[in-house]
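Visitor: Have a peek at protein-v2.txt (compact mmCIF, N, CA and C atoms).
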# COMPACT_ATOMS: atom_id res chain seq x y z
N VAL U 1 8.74 -16.12 -14.80
CA VAL U 1 7.86 -15.95 -13.66
C VAL U 1 8.13 -17.08 -12.66
N GLN U 2 8.25 -16.69 -11.41
CA GLN U 2 8.41 -17.67 -10.35
C GLN U 2 7.23 -17.60 -9.41
N LEU U 3 6.83 -18.77 -8.97
CA LEU U 3 5.73 -18.88 -8.01
C LEU U 3 6.26 -19.53 -6.75
N GLN U 4 6.07 -18.87 -5.63
CA GLN U 4 6.56 -19.38 -4.35
C GLN U 4 5.38 -19.77 -3.49
N ALA U 5 5.27 -21.06 -3.24
CA ALA U 5 4.17 -21.57 -2.42
C ALA U 5 4.62 -21.73 -0.98
N SER U 6 3.71 -21.49 -0.07
CA SER U 6 4.02 -21.66 1.35
C SER U 6 2.74 -21.90 2.12
N GLY U 7 2.91 -22.33 3.38
CA GLY U 7 1.76 -22.48 4.26
C GLY U 7 1.32 -23.89 4.55
N GLY U 8 1.99 -24.87 4.01
CA GLY U 8 1.60 -26.25 4.28
C GLY U 8 1.98 -26.69 5.68
N GLY U 9 1.62 -27.93 5.99
CA GLY U 9 1.99 -28.45 7.30
C GLY U 9 1.07 -29.56 7.73
N LEU U 10 1.12 -29.84 9.01
CA LEU U 10 0.31 -30.89 9.61
C LEU U 10 -0.83 -30.25 10.39
N VAL U 11 -2.03 -30.76 10.17
CA VAL U 11 -3.20 -30.23 10.86
C VAL U 11 -4.13 -31.39 11.18
N GLN U 12 -4.88 -31.25 12.26
CA GLN U 12 -5.84 -32.28 12.63
C GLN U 12 -7.10 -32.19 11.78
N PRO U 13 -7.81 -33.28 11.63
CA PRO U 13 -9.09 -33.23 10.90
C PRO U 13 -10.00 -32.16 11.49
N GLY U 14 -10.63 -31.42 10.60
CA GLY U 14 -11.48 -30.32 11.03
C GLY U 14 -10.75 -29.00 11.14
N GLY U 15 -9.45 -29.04 11.06
CA GLY U 15 -8.66 -27.83 11.19
C GLY U 15 -8.56 -27.04 9.89
N SER U 16 -7.77 -25.98 9.95
CA SER U 16 -7.64 -25.08 8.80
C SER U 16 -6.17 -24.80 8.50
N LEU U 17 -5.93 -24.51 7.24
CA LEU U 17 -4.63 -24.04 6.79
C LEU U 17 -4.86 -23.02 5.69
N ARG U 18 -3.91 -22.11 5.54
CA ARG U 18 -3.96 -21.18 4.43
C ARG U 18 -2.68 -21.31 3.62
N LEU U 19 -2.83 -21.63 2.36
CA LEU U 19 -1.70 -21.71 1.46
C LEU U 19 -1.54 -20.39 0.72
N SER U 20 -0.31 -20.00 0.50
CA SER U 20 -0.01 -18.77 -0.22
C SER U 20 0.77 -19.08 -1.48
N CYS U 21 0.47 -18.37 -2.54
CA CYS U 21 1.22 -18.48 -3.79
C CYS U 21 1.64 -17.07 -4.18
N ALA U 22 2.90 -16.77 -3.99
CA ALA U 22 3.43 -15.45 -4.29
C ALA U 22 4.11 -15.46 -5.65
N ALA U 23 3.70 -14.56 -6.51
CA ALA U 23 4.25 -14.49 -7.86
C ALA U 23 5.34 -13.43 -7.93
N SER U 24 6.30 -13.66 -8.81
CA SER U 24 7.41 -12.72 -8.98
C SER U 24 7.05 -11.59 -9.93
N THR U 25 5.81 -11.61 -10.41
CA THR U 25 5.35 -10.58 -11.32
C THR U 25 3.96 -10.12 -10.90
N ASN U 26 3.49 -9.09 -11.52
CA ASN U 26 2.13 -8.61 -11.27
C ASN U 26 1.15 -9.74 -11.61
N ILE U 27 0.33 -10.14 -10.66
CA ILE U 27 -0.54 -11.29 -10.90
C ILE U 27 -1.62 -10.99 -11.94
N PHE U 28 -1.83 -9.73 -12.25
CA PHE U 28 -2.78 -9.42 -13.32
C PHE U 28 -2.22 -9.85 -14.68
N MET U 29 -0.89 -10.06 -14.74
CA MET U 29 -0.26 -10.51 -15.98
C MET U 29 -0.44 -12.02 -16.18
N ILE U 30 -0.91 -12.71 -15.17
CA ILE U 30 -1.10 -14.16 -15.26
C ILE U 30 -2.58 -14.44 -15.43
N ASN U 31 -2.92 -15.12 -16.49
CA ASN U 31 -4.32 -15.33 -16.82
C ASN U 31 -5.05 -16.07 -15.71
N THR U 32 -4.49 -17.18 -15.28
CA THR U 32 -5.14 -18.01 -14.27
C THR U 32 -4.10 -18.50 -13.26
N ILE U 33 -4.41 -18.35 -12.00
CA ILE U 33 -3.57 -18.93 -10.94
C ILE U 33 -4.41 -19.96 -10.22
N GLY U 34 -3.84 -21.14 -10.09
CA GLY U 34 -4.60 -22.22 -9.50
C GLY U 34 -3.79 -23.07 -8.55
N TRP U 35 -4.49 -23.87 -7.82
CA TRP U 35 -3.88 -24.84 -6.92
C TRP U 35 -4.25 -26.24 -7.40
N HIS U 36 -3.26 -27.09 -7.40
CA HIS U 36 -3.43 -28.49 -7.75
C HIS U 36 -2.87 -29.33 -6.62
N ARG U 37 -3.27 -30.57 -6.56
CA ARG U 37 -2.72 -31.45 -5.53
C ARG U 37 -2.49 -32.83 -6.11
N GLN U 38 -1.58 -33.54 -5.46
CA GLN U 38 -1.21 -34.85 -5.95
C GLN U 38 -0.88 -35.76 -4.78
N THR U 39 -1.40 -36.98 -4.85
CA THR U 39 -1.07 -38.01 -3.88
C THR U 39 -0.27 -39.10 -4.59
N PRO U 40 0.51 -39.87 -3.84
CA PRO U 40 1.35 -40.89 -4.46
C PRO U 40 0.56 -41.85 -5.35
N GLY U 41 1.04 -42.03 -6.56
CA GLY U 41 0.41 -42.96 -7.48
C GLY U 41 -0.78 -42.41 -8.25
N ASN U 42 -1.09 -41.15 -7.98
CA ASN U 42 -2.25 -40.54 -8.64
C ASN U 42 -1.84 -39.34 -9.47
N ARG U 43 -2.73 -38.96 -10.38
CA ARG U 43 -2.47 -37.80 -11.21
C ARG U 43 -2.65 -36.52 -10.40
N ARG U 44 -1.96 -35.49 -10.82
CA ARG U 44 -2.15 -34.19 -10.22
C ARG U 44 -3.52 -33.67 -10.63
N GLU U 45 -4.28 -33.21 -9.66
CA GLU U 45 -5.64 -32.75 -9.96
C GLU U 45 -5.82 -31.29 -9.56
N SER U 46 -6.67 -30.63 -10.31
CA SER U 46 -6.97 -29.25 -10.00
C SER U 46 -7.88 -29.18 -8.78
N VAL U 47 -7.61 -28.21 -7.93
CA VAL U 47 -8.42 -28.00 -6.73
C VAL U 47 -9.24 -26.72 -6.86
N ALA U 48 -8.57 -25.65 -7.23
CA ALA U 48 -9.24 -24.36 -7.32
C ALA U 48 -8.40 -23.44 -8.18
N SER U 49 -9.06 -22.46 -8.81
CA SER U 49 -8.33 -21.51 -9.64
C SER U 49 -9.07 -20.19 -9.66
N ILE U 50 -8.30 -19.13 -9.97
CA ILE U 50 -8.87 -17.80 -10.06
C ILE U 50 -8.24 -17.11 -11.25
N THR U 51 -9.05 -16.42 -12.03
CA THR U 51 -8.54 -15.72 -13.20
C THR U 51 -8.17 -14.28 -12.84
N ASN U 52 -7.48 -13.63 -13.76
CA ASN U 52 -7.10 -12.24 -13.48
C ASN U 52 -8.30 -11.31 -13.57
N ARG U 53 -9.44 -11.82 -13.97
CA ARG U 53 -10.67 -11.04 -13.93
C ARG U 53 -11.47 -11.33 -12.66
N GLY U 54 -10.95 -12.26 -11.84
CA GLY U 54 -11.59 -12.53 -10.56
C GLY U 54 -12.52 -13.73 -10.54
N GLY U 55 -12.72 -14.37 -11.67
CA GLY U 55 -13.56 -15.54 -11.70
C GLY U 55 -12.89 -16.72 -11.02
N THR U 56 -13.65 -17.48 -10.27
CA THR U 56 -13.07 -18.61 -9.53
C THR U 56 -13.74 -19.92 -9.93
N ASN U 57 -12.99 -20.98 -9.76
CA ASN U 57 -13.51 -22.32 -10.00
C ASN U 57 -12.97 -23.22 -8.91
N ILE U 58 -13.86 -23.89 -8.21
CA ILE U 58 -13.47 -24.76 -7.11
C ILE U 58 -14.13 -26.11 -7.33
N VAL U 59 -13.35 -27.17 -7.25
CA VAL U 59 -13.90 -28.49 -7.53
C VAL U 59 -14.87 -28.91 -6.44
N GLY U 60 -15.77 -29.79 -6.82
CA GLY U 60 -16.85 -30.18 -5.93
C GLY U 60 -16.40 -30.79 -4.61
N SER U 61 -15.29 -31.52 -4.63
CA SER U 61 -14.86 -32.22 -3.42
C SER U 61 -14.40 -31.27 -2.31
N VAL U 62 -14.09 -30.04 -2.67
CA VAL U 62 -13.64 -29.08 -1.67
C VAL U 62 -14.54 -27.85 -1.60
N ALA U 63 -15.54 -27.79 -2.46
CA ALA U 63 -16.45 -26.64 -2.46
C ALA U 63 -17.12 -26.52 -1.10
N GLY U 64 -17.21 -25.28 -0.64
CA GLY U 64 -17.80 -25.04 0.68
C GLY U 64 -16.78 -25.13 1.80
N ARG U 65 -15.62 -25.67 1.51
CA ARG U 65 -14.56 -25.76 2.52
C ARG U 65 -13.33 -24.94 2.13
N PHE U 66 -13.03 -24.87 0.86
CA PHE U 66 -11.86 -24.14 0.37
C PHE U 66 -12.32 -22.87 -0.33
N THR U 67 -11.60 -21.79 -0.13
CA THR U 67 -11.89 -20.55 -0.83
C THR U 67 -10.58 -19.92 -1.32
N LEU U 68 -10.70 -19.15 -2.39
CA LEU U 68 -9.57 -18.45 -2.98
C LEU U 68 -9.72 -16.96 -2.78
N SER U 69 -8.59 -16.30 -2.62
CA SER U 69 -8.61 -14.85 -2.59
C SER U 69 -7.30 -14.33 -3.16
N ARG U 70 -7.33 -13.05 -3.53
CA ARG U 70 -6.14 -12.43 -4.12
C ARG U 70 -5.73 -11.22 -3.30
N ASP U 71 -4.43 -11.04 -3.16
CA ASP U 71 -3.86 -9.82 -2.60
C ASP U 71 -3.07 -9.18 -3.73
N ASN U 72 -3.71 -8.28 -4.43
CA ASN U 72 -3.06 -7.73 -5.63
C ASN U 72 -1.82 -6.92 -5.29
N ALA U 73 -1.84 -6.25 -4.18
CA ALA U 73 -0.71 -5.41 -3.80
C ALA U 73 0.55 -6.24 -3.57
N ASN U 74 0.37 -7.48 -3.10
CA ASN U 74 1.50 -8.35 -2.81
C ASN U 74 1.65 -9.47 -3.82
N ASN U 75 0.87 -9.40 -4.91
CA ASN U 75 0.96 -10.42 -5.97
C ASN U 75 0.86 -11.83 -5.43
N THR U 76 -0.12 -12.01 -4.57
CA THR U 76 -0.27 -13.30 -3.90
C THR U 76 -1.71 -13.80 -4.00
N VAL U 77 -1.83 -15.08 -4.21
CA VAL U 77 -3.14 -15.74 -4.17
C VAL U 77 -3.14 -16.70 -2.99
N TYR U 78 -4.25 -16.69 -2.27
CA TYR U 78 -4.37 -17.54 -1.08
C TYR U 78 -5.43 -18.61 -1.30
N LEU U 79 -5.15 -19.78 -0.76
CA LEU U 79 -6.13 -20.86 -0.71
C LEU U 79 -6.42 -21.13 0.76
N GLN U 80 -7.58 -20.70 1.20
CA GLN U 80 -8.01 -20.96 2.57
C GLN U 80 -8.69 -22.30 2.62
N MET U 81 -8.17 -23.19 3.43
CA MET U 81 -8.71 -24.54 3.52
C MET U 81 -9.26 -24.76 4.91
N ASN U 82 -10.56 -24.94 5.01
CA ASN U 82 -11.23 -25.16 6.29
C ASN U 82 -11.83 -26.57 6.33
N SER U 83 -12.18 -27.00 7.50
CA SER U 83 -12.80 -28.31 7.70
C SER U 83 -12.02 -29.40 6.97
N LEU U 84 -10.74 -29.39 7.16
CA LEU U 84 -9.87 -30.31 6.43
C LEU U 84 -10.14 -31.76 6.82
N LYS U 85 -10.01 -32.62 5.83
CA LYS U 85 -10.25 -34.04 5.99
C LYS U 85 -8.97 -34.82 5.67
N PRO U 86 -8.84 -36.01 6.20
CA PRO U 86 -7.64 -36.80 5.88
C PRO U 86 -7.44 -36.98 4.37
N GLU U 87 -8.52 -37.03 3.62
CA GLU U 87 -8.38 -37.20 2.17
C GLU U 87 -7.88 -35.95 1.46
N ASP U 88 -7.74 -34.85 2.19
CA ASP U 88 -7.12 -33.65 1.62
C ASP U 88 -5.60 -33.73 1.69
N THR U 89 -5.09 -34.74 2.36
CA THR U 89 -3.65 -34.91 2.45
C THR U 89 -3.06 -35.10 1.06
N ALA U 90 -2.08 -34.28 0.73
CA ALA U 90 -1.48 -34.32 -0.60
C ALA U 90 -0.33 -33.31 -0.65
N VAL U 91 0.40 -33.36 -1.75
CA VAL U 91 1.33 -32.28 -2.06
C VAL U 91 0.57 -31.29 -2.92
N TYR U 92 0.58 -30.05 -2.51
CA TYR U 92 -0.16 -29.01 -3.21
C TYR U 92 0.81 -28.15 -4.03
N TYR U 93 0.37 -27.82 -5.24
CA TYR U 93 1.18 -27.04 -6.18
C TYR U 93 0.41 -25.80 -6.63
N CYS U 94 1.12 -24.71 -6.72
CA CYS U 94 0.57 -23.49 -7.28
C CYS U 94 0.94 -23.44 -8.76
N ARG U 95 0.01 -22.98 -9.57
CA ARG U 95 0.23 -22.94 -11.03
C ARG U 95 -0.25 -21.63 -11.60
N GLY U 96 0.55 -21.06 -12.47
CA GLY U 96 0.16 -19.86 -13.20
C GLY U 96 0.15 -20.19 -14.68
N SER U 97 -0.97 -20.00 -15.33
CA SER U 97 -1.07 -20.42 -16.72
C SER U 97 -1.86 -19.44 -17.56
N GLY U 98 -1.66 -19.55 -18.87
CA GLY U 98 -2.35 -18.72 -19.83
C GLY U 98 -1.88 -19.09 -21.22
N PRO U 99 -2.30 -18.33 -22.21
CA PRO U 99 -1.89 -18.64 -23.58
C PRO U 99 -0.37 -18.63 -23.74
N GLY U 100 0.21 -19.79 -23.99
CA GLY U 100 1.63 -19.87 -24.26
C GLY U 100 2.54 -20.00 -23.06
N TYR U 101 1.95 -20.10 -21.86
CA TYR U 101 2.82 -20.24 -20.70
C TYR U 101 2.14 -21.09 -19.63
N ASP U 102 3.00 -21.71 -18.81
CA ASP U 102 2.53 -22.62 -17.78
C ASP U 102 3.63 -22.72 -16.73
N TYR U 103 3.43 -22.06 -15.61
CA TYR U 103 4.44 -22.00 -14.57
C TYR U 103 3.94 -22.77 -13.34
N TRP U 104 4.88 -23.47 -12.70
CA TRP U 104 4.54 -24.23 -11.50
C TRP U 104 5.45 -23.81 -10.35
N GLY U 105 4.87 -23.69 -9.19
CA GLY U 105 5.66 -23.49 -8.00
C GLY U 105 6.09 -24.83 -7.44
N GLN U 106 6.89 -24.77 -6.39
CA GLN U 106 7.32 -26.02 -5.76
C GLN U 106 6.16 -26.63 -4.98
N GLY U 107 6.15 -27.90 -4.83
CA GLY U 107 5.09 -28.55 -4.07
C GLY U 107 5.27 -28.37 -2.58
N ILE U 108 4.17 -28.27 -1.88
CA ILE U 108 4.23 -28.19 -0.42
C ILE U 108 3.30 -29.26 0.16
N GLN U 109 3.74 -29.86 1.24
CA GLN U 109 3.00 -30.96 1.82
C GLN U 109 1.93 -30.44 2.76
N VAL U 110 0.73 -30.99 2.58
CA VAL U 110 -0.37 -30.77 3.52
C VAL U 110 -0.76 -32.14 4.04
N THR U 111 -0.71 -32.30 5.35
CA THR U 111 -1.06 -33.57 5.97
C THR U 111 -2.16 -33.34 6.98
N VAL U 112 -3.26 -34.05 6.81
CA VAL U 112 -4.39 -33.95 7.72
C VAL U 112 -4.48 -35.27 8.48
N SER U 113 -4.14 -35.22 9.74
CA SER U 113 -4.08 -36.45 10.52
C SER U 113 -4.19 -36.14 12.01
N SER U 114 -4.80 -37.07 12.72
CA SER U 114 -4.87 -36.90 14.17
C SER U 114 -3.70 -37.61 14.84
Would you kindly transcribe this structure into C-alpha cells?
Guide:
Amino acid sequence: VQLQASGGGLVQPGGSLRLSCAASTNIFMINTIGWHRQTPGNRRESVASITNRGGTNIVGSVAGRFTLSRDNANNTVYLQMNSLKPEDTAVYYCRGSGPGYDYWGQGIQVTVSS
C-alpha cells in the first residue's frame, strides 16, 4: 500500500490548507488513516485519524480547527486545517495502520508564517 500526501505549503496565520492522503488501495481496507506531524527535535505526534467505520479522533490542540473527511470513490482522506497558527508549522505525515501493518506516506511541509 502506498500513501501519497499532498497539499502542504506556506500560509499566513489564520489561513487554511487542505492536506490530501491518497491511498493506492481501497481505503476501506485500511483500518485507520491518520495524520501525524513532527517538528525538529521532537517526536512525531498524532494530529487526527479516521477509521474505516468513520470514527474520528482529533487531538485537543487542533480540535475545532482541523477536520477530517473521506472521499471513498477516490480513496482519499482529507485534513482540512483552518485558523492555522505558527505552532502548527511542521512536517505532516499520512499514516495507514491496522492489525499487522503500518504504512507511512512521505512528509509534507506546512509552514504558518507571516
Visitor: Would you work out the distance separating CA of Ser24 in chain U from CA of Tyr101 in chain U, expressed in Å to one decimal?
Guide: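 CA of Tyr101 in chain U lies at a distance of 14.7 Å from CA of Ser24 in chain U.
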Visitor: Given the point (-9.7, -31.1, 11.8) in the coordinates of this file, which residues lie within 12 Å, counting only C-alpha atoms, and how would they look as a list in words?
Guide: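 The residues near that point, listed by chain and number, are Leu10, Val11, Gln12, Pro13, Gly14, Gly15, Ser16, Leu17, Arg65, Met81, Asn82, Ser83, Leu84, Lys85, Pro86, Glu87, Asp88, Thr89, Thr111, Val112, Ser113 and Ser114 of chain U.
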Visitor: Would you compute the distance between atom N of Asn52 in chain U and CA of Gln106 in chain U? Give it in Å to one decimal.
Guide: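 So the two atoms, atom N of Asn52 in chain U and CA of Gln106 in chain U, lie 20.9 Å apart.
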Visitor: Which residue, U:Gly96, U:Gly8, U:Gly41, U:Gly54, has the smallest gap to Val110 in chain U when you use only C-alpha atoms?
Guide: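 The answer is U:Gly8, which sits nearest to Val110 in chain U.
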Visitor: Point out the residue among U:Arg43, U:Thr32, U:Asn72, U:Gln2 with the least atom-to-atom distance to Gly55 in chain U, counting only C-alpha atoms.
Guide: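 Using only C-alpha atoms, Gly55 in chain U sits closest to U:Thr32.
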Visitor: Here is a test: counting all atoms listed in the file, which residue of U:Ser97, U:Thr67, U:Ser46, U:Asn31 is nearest to Leu79 in chain U?
Guide: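 Smallest distance to Leu79 in chain U is found for U:Thr67.
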